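Worksheet: one structure, shown below.
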Amino acid sequence: MSHNTVDTLVKMANQIGQFFSAQKSGDQAASAADHLRKFWDPRMRAGIIDYVAQGGDGLNPVALEAVKRLTKPGGMRGSTLRSGGEDG
């Protein structure tokens, strides 16, 4: 993945982290991780997961924790949408 692409993913993840950090109730990182699962293309998720595996420099705390939660065991790396759309 190019340096430019990684920079864009970091910027986008930070924007999402910043948005959810303003939400005072609930688990901010879980909400951000859910957003990444639902709305990011699998290639985008893979790119940011790889970036965090290399250290994740430049990610804000909520974004960093959200990406780490995408990599937890239990198949959380994939999309929550079924192949036929939301209704299957």
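Identifiers in this document derive from the order of the structure tokens: chains are assigned A, B, ..., residues are numbered from 1 separately in each chain, and ligands are numbered from 1 in order of occurrence.
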Who sits within 10 Å of Thr5 in chain A, only C-alpha atoms, same chain under 6 positions skipped, as a PyMOL selection string: chain A and resi 11+44+47-48
Residues as selected, N, CA and C atoms, written as a PDB file, in the first residue's frame, can you do that?
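Saved result, result_13.pdb, follows:
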ATOM      1  N   LYS A  11      -5.720   9.516   8.291  1.00  0.00           N
ATOM      2  CA  LYS A  11      -6.516  10.741   8.420  1.00  0.00           C
ATOM      3  C   LYS A  11      -7.996  10.396   8.612  1.00  0.00           C
ATOM      4  N   MET A  44      -9.462  -1.407   2.729  1.00  0.00           N
ATOM      5  CA  MET A  44      -9.130  -0.280   3.603  1.00  0.00           C
ATOM      6  C   MET A  44      -8.879  -0.776   5.018  1.00  0.00           C
ATOM      7  N   GLY A  47      -5.575  -2.490   5.217  1.00  0.00           N
ATOM      8  CA  GLY A  47      -4.476  -1.517   5.186  1.00  0.00           C
ATOM      9  C   GLY A  47      -4.236  -0.872   6.536  1.00  0.00           C
ATOM     10  N   ILE A  48      -5.306  -0.478   7.218  1.00  0.00           N
ATOM     11  CA  ILE A  48      -5.126   0.181   8.516  1.00  0.00           C
ATOM     12  C   ILE A  48      -4.736  -0.836   9.586  1.00  0.00           C
TER      13      ILE A  48
END
Shortest interatomic distance to Asp34 in chain A - which of A:Ala66, A:Ala13, A:Leu59, A:Val52, counting only C-alpha atoms: A:Ala66
Give me, as a PDB file with N, CA and C atoms, in the first residue's frame, all polymer residues having an atom no more than 6 Å from range 16-21 of chain A, counting only C-alpha atoms and skipping those fewer than 5 positions away in the same chain.
ATOM      1  N   GLN A  28     -16.634   4.356  23.088  1.00  0.00           N
ATOM      2  CA  GLN A  28     -16.259   5.125  21.904  1.00  0.00           C
ATOM      3  C   GLN A  28     -15.472   4.290  20.900  1.00  0.00           C
ATOM      4  N   VAL A  62      -8.652   6.756  20.271  1.00  0.00           N
ATOM      5  CA  VAL A  62      -9.895   6.056  19.942  1.00  0.00           C
ATOM      6  C   VAL A  62      -9.740   5.292  18.637  1.00  0.00           C
ATOM      7  N   ALA A  63      -9.140   5.906  17.633  1.00  0.00           N
ATOM      8  CA  ALA A  63      -8.928   5.236  16.349  1.00  0.00           C
ATOM      9  C   ALA A  63      -8.001   4.031  16.515  1.00  0.00           C
TER      10      ALA A  63
END
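Closest approach to Asp50 in chain A among A:Val6, A:Lys24, A:Ala30, A:Arg37: A:Val6, based on only C-alpha atoms.
Computed from the coordinates, the CA of Arg43 in chain A to CA of Ala22 in chain A distance equals 27.2 Å.
With only C-alpha atoms taken into account, the protein and nucleic acid residues at most 10 Å from Ile49 in chain A (excluding it and anything under 5 positions from it in its own chain) are Arg43, Met44, Gln54, Gly55, Gly56, Leu64, Ala66, Val67, Lys68, Arg69, Leu70, Thr71 and Arg77 of chain A.
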Members of chain A assigned helix (DSSP H, G or I) by DSSP, as a VMD selection string: chain A and resid 3 to 21 28 to 39 42 to 53 61 to 70
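Atom to atom, CA of Asp7 in chain A and CA of Ser31 in chain A stand 22.1 Å apart.
When CA of Met12 in chain A is paired with CA of Asn60 in chain A, their separation reads 11.0 Å.
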